[in-house]
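In what follows, a structure is listed as structure tokens, so that the remarks can point back to it.
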Amino acid sequence: MPDKGLKRQKLKENLFNKRRLIILNEDTFEETFSLKLTLMNVFVVATLGAIIITFVTTFIIAFTPLREFIPGYSSSKLKKDAMELSLKSDSLSRALKQNEAYIQSIQKVLTGELEYAKFNKDSILAETEEAPSQVDMSASKQELELRQQVAQEEKNVNSLRSSNKGKSQPPVK
């Protein structure tokens with residue numbers, strides 16, 4: 001136990017002993033700068049400096065356009081442009097399919113595979129349109145159970161309300 005107390009005393013002494021930092025001119029050995037420090041002062045200044053640098057860096061990244069260079073962050077303008085380009089590419093691909101179907105039909109008419117009387121641009125374009133995919137909209141087993149539970153709770157609440165209506169309420173003062 002006494003050794004532990006001595007170690008703490010020695011550590012405290014080392015942390016708070018004053019030391020001198022001297023910067024000398026190498027050619028003339030003239031003292032350029034002198035500063036009295038303790039190890040505790042150096043530790044506190046270094047810690048505060050690290051905290052301030054971290055705070056400033058975080059602030060710069062969070063509130064300036066630099067955040068766009070971090071993966072996962074993007075500007076709202078970039079998202080808007082991506083959405084517009086996606087919509088344009090979808091409409092262009094649809095128009096391309098329609099044009100290809102029309103050109104193939106014209107080639108069939110020119111080669112004699114299809115009579116001109118049967119050639120109709122509207123019917124060709126209608127063939128290229130894709131039908132919307134069918135989605136199963138039936139309720140799942142869990143949803144049906146939840147519906148039954150909610151209906152039962154509503155029935156209980158309504159029965160309580162109707163039984164409380166017949167009772168007289170005390171006047172409010």
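Identifiers in this document derive from the order of the structure tokens: chains are assigned A, B, ..., residues are numbered from 1 separately in each chain, and ligands are numbered from 1 in order of occurrence.
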(request) Give the strand (DSSP E or B) residues of chain A, as assigned by DSSP on the backbone, as a ChimeraX atom specification. (result) /A:19-24,31-37
(request) Please run DSSP on the backbone and report, as a PyMOL selection string, all residues within chain A that come out as alpha helix (DSSP H). (result) chain A and resi 2-16+39-63+76-111+121-128+141-165
Would you write out those residues with C-alpha atoms, as an mmCIF file, in the first residue's frame?
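Saved to part.cif:
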```cif
data_model
loop_
_atom_site.group_PDB
_atom_site.id
_atom_site.type_symbol
_atom_site.label_atom_id
_atom_site.label_comp_id
_atom_site.auth_asym_id
_atom_site.auth_seq_id
_atom_site.Cartn_x
_atom_site.Cartn_y
_atom_site.Cartn_z
ATOM 1 C CA PRO A 2 2.707 2.546 0.829
ATOM 2 C CA ASP A 3 4.260 1.904 -2.595
ATOM 3 C CA LYS A 4 0.993 2.866 -4.259
ATOM 4 C CA GLY A 5 0.868 6.128 -2.304
ATOM 5 C CA LEU A 6 4.499 6.852 -3.212
ATOM 6 C CA LYS A 7 3.797 6.231 -6.894
ATOM 7 C CA ARG A 8 0.852 8.626 -6.819
ATOM 8 C CA GLN A 9 2.928 11.230 -5.036
ATOM 9 C CA LYS A 10 5.747 10.851 -7.553
ATOM 10 C CA LEU A 11 3.314 11.080 -10.501
ATOM 11 C CA LYS A 12 1.712 14.188 -9.025
ATOM 12 C CA GLU A 13 5.128 15.708 -8.497
ATOM 13 C CA ASN A 14 6.169 14.979 -12.096
ATOM 14 C CA LEU A 15 2.930 16.407 -13.495
ATOM 15 C CA PHE A 16 3.213 19.664 -11.611
ATOM 16 C CA LEU A 39 3.500 18.278 -17.919
ATOM 17 C CA MET A 40 -0.099 18.902 -16.855
ATOM 18 C CA ASN A 41 -0.198 22.175 -18.831
ATOM 19 C CA VAL A 42 1.170 20.419 -21.915
ATOM 20 C CA PHE A 43 -1.396 17.622 -21.552
ATOM 21 C CA VAL A 44 -4.311 20.068 -21.130
ATOM 22 C CA VAL A 45 -3.237 22.239 -24.080
ATOM 23 C CA ALA A 46 -2.739 19.195 -26.331
ATOM 24 C CA THR A 47 -6.148 17.771 -25.380
ATOM 25 C CA LEU A 48 -7.922 21.089 -25.917
ATOM 26 C CA GLY A 49 -6.143 21.539 -29.242
ATOM 27 C CA ALA A 50 -7.239 18.093 -30.417
ATOM 28 C CA ILE A 51 -10.842 18.793 -29.367
ATOM 29 C CA ILE A 52 -10.868 22.167 -31.128
ATOM 30 C CA ILE A 53 -9.367 20.724 -34.324
ATOM 31 C CA THR A 54 -11.962 17.927 -34.303
ATOM 32 C CA PHE A 55 -14.796 20.403 -33.744
ATOM 33 C CA VAL A 56 -13.627 22.767 -36.487
ATOM 34 C CA THR A 57 -13.129 19.910 -38.968
ATOM 35 C CA THR A 58 -16.588 18.509 -38.213
ATOM 36 C CA PHE A 59 -18.138 21.965 -38.571
ATOM 37 C CA ILE A 60 -16.413 22.583 -41.913
ATOM 38 C CA ILE A 61 -17.473 19.215 -43.303
ATOM 39 C CA ALA A 62 -21.056 19.411 -41.999
ATOM 40 C CA PHE A 63 -21.913 22.950 -43.068
ATOM 41 C CA SER A 76 -30.445 17.795 -53.147
ATOM 42 C CA LYS A 77 -29.727 19.200 -56.612
ATOM 43 C CA LEU A 78 -27.868 16.015 -57.511
ATOM 44 C CA LYS A 79 -30.782 13.876 -56.299
ATOM 45 C CA LYS A 80 -33.261 15.993 -58.271
ATOM 46 C CA ASP A 81 -31.136 15.736 -61.423
ATOM 47 C CA ALA A 82 -30.833 11.964 -61.007
ATOM 48 C CA MET A 83 -34.620 11.632 -60.700
ATOM 49 C CA GLU A 84 -35.199 13.753 -63.814
ATOM 50 C CA LEU A 85 -32.647 11.745 -65.792
ATOM 51 C CA SER A 86 -34.258 8.503 -64.657
ATOM 52 C CA LEU A 87 -37.670 9.660 -65.849
ATOM 53 C CA LYS A 88 -36.233 10.860 -69.164
ATOM 54 C CA SER A 89 -34.415 7.579 -69.756
ATOM 55 C CA ASP A 90 -37.615 5.626 -69.073
ATOM 56 C CA SER A 91 -39.585 7.701 -71.561
ATOM 57 C CA LEU A 92 -36.793 7.477 -74.141
ATOM 58 C CA SER A 93 -36.596 3.689 -73.829
ATOM 59 C CA ARG A 94 -40.382 3.471 -74.275
ATOM 60 C CA ALA A 95 -40.232 5.687 -77.375
ATOM 61 C CA LEU A 96 -37.354 3.600 -78.746
ATOM 62 C CA LYS A 97 -39.388 0.379 -78.379
ATOM 63 C CA GLN A 98 -42.324 1.973 -80.158
ATOM 64 C CA ASN A 99 -40.120 3.209 -83.011
ATOM 65 C CA GLU A 100 -38.470 -0.203 -83.392
ATOM 66 C CA ALA A 101 -41.875 -1.924 -83.565
ATOM 67 C CA TYR A 102 -43.054 0.616 -86.155
ATOM 68 C CA ILE A 103 -39.931 0.160 -88.294
ATOM 69 C CA GLN A 104 -40.256 -3.637 -88.144
ATOM 70 C CA SER A 105 -43.875 -3.371 -89.277
ATOM 71 C CA ILE A 106 -42.886 -1.096 -92.167
ATOM 72 C CA GLN A 107 -40.187 -3.619 -93.155
ATOM 73 C CA LYS A 108 -42.804 -6.374 -93.144
ATOM 74 C CA VAL A 109 -45.032 -4.288 -95.446
ATOM 75 C CA LEU A 110 -42.102 -3.531 -97.778
ATOM 76 C CA THR A 111 -41.018 -7.178 -97.977
ATOM 77 C CA LYS A 121 -49.664 2.567 -86.564
ATOM 78 C CA ASP A 122 -51.984 2.681 -83.533
ATOM 79 C CA SER A 123 -52.248 -1.107 -83.269
ATOM 80 C CA ILE A 124 -48.481 -1.454 -83.581
ATOM 81 C CA LEU A 125 -47.866 1.096 -80.841
ATOM 82 C CA ALA A 126 -50.492 -0.577 -78.634
ATOM 83 C CA GLU A 127 -48.606 -3.873 -78.930
ATOM 84 C CA THR A 128 -45.404 -2.325 -77.578
ATOM 85 C CA LYS A 141 -53.203 -14.032 -42.304
ATOM 86 C CA GLN A 142 -51.604 -11.579 -39.849
ATOM 87 C CA GLU A 143 -53.606 -8.684 -41.277
ATOM 88 C CA LEU A 144 -56.866 -10.611 -40.941
ATOM 89 C CA GLU A 145 -56.037 -11.436 -37.305
ATOM 90 C CA LEU A 146 -55.259 -7.768 -36.613
ATOM 91 C CA ARG A 147 -58.554 -6.707 -38.198
ATOM 92 C CA GLN A 148 -60.465 -9.142 -35.975
ATOM 93 C CA GLN A 149 -58.624 -7.905 -32.879
ATOM 94 C CA VAL A 150 -59.346 -4.233 -33.702
ATOM 95 C CA ALA A 151 -63.009 -5.010 -34.396
ATOM 96 C CA GLN A 152 -63.297 -6.787 -31.035
ATOM 97 C CA GLU A 153 -61.687 -3.842 -29.216
ATOM 98 C CA GLU A 154 -64.028 -1.379 -30.941
ATOM 99 C CA LYS A 155 -67.011 -3.527 -29.958
ATOM 100 C CA ASN A 156 -65.837 -3.510 -26.310
ATOM 101 C CA VAL A 157 -65.322 0.264 -26.313
ATOM 102 C CA ASN A 158 -68.742 0.889 -27.886
ATOM 103 C CA SER A 159 -70.462 -1.369 -25.355
ATOM 104 C CA LEU A 160 -68.757 0.504 -22.480
ATOM 105 C CA ARG A 161 -69.840 3.852 -23.913
ATOM 106 C CA SER A 162 -73.430 2.757 -24.315
ATOM 107 C CA SER A 163 -73.559 1.398 -20.743
ATOM 108 C CA ASN A 164 -72.067 4.651 -19.370
ATOM 109 C CA LYS A 165 -74.602 6.835 -21.232
#
```
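Note that CA of Leu21 (chain A) and CA of Leu37 (chain A) are 7.1 Å apart.
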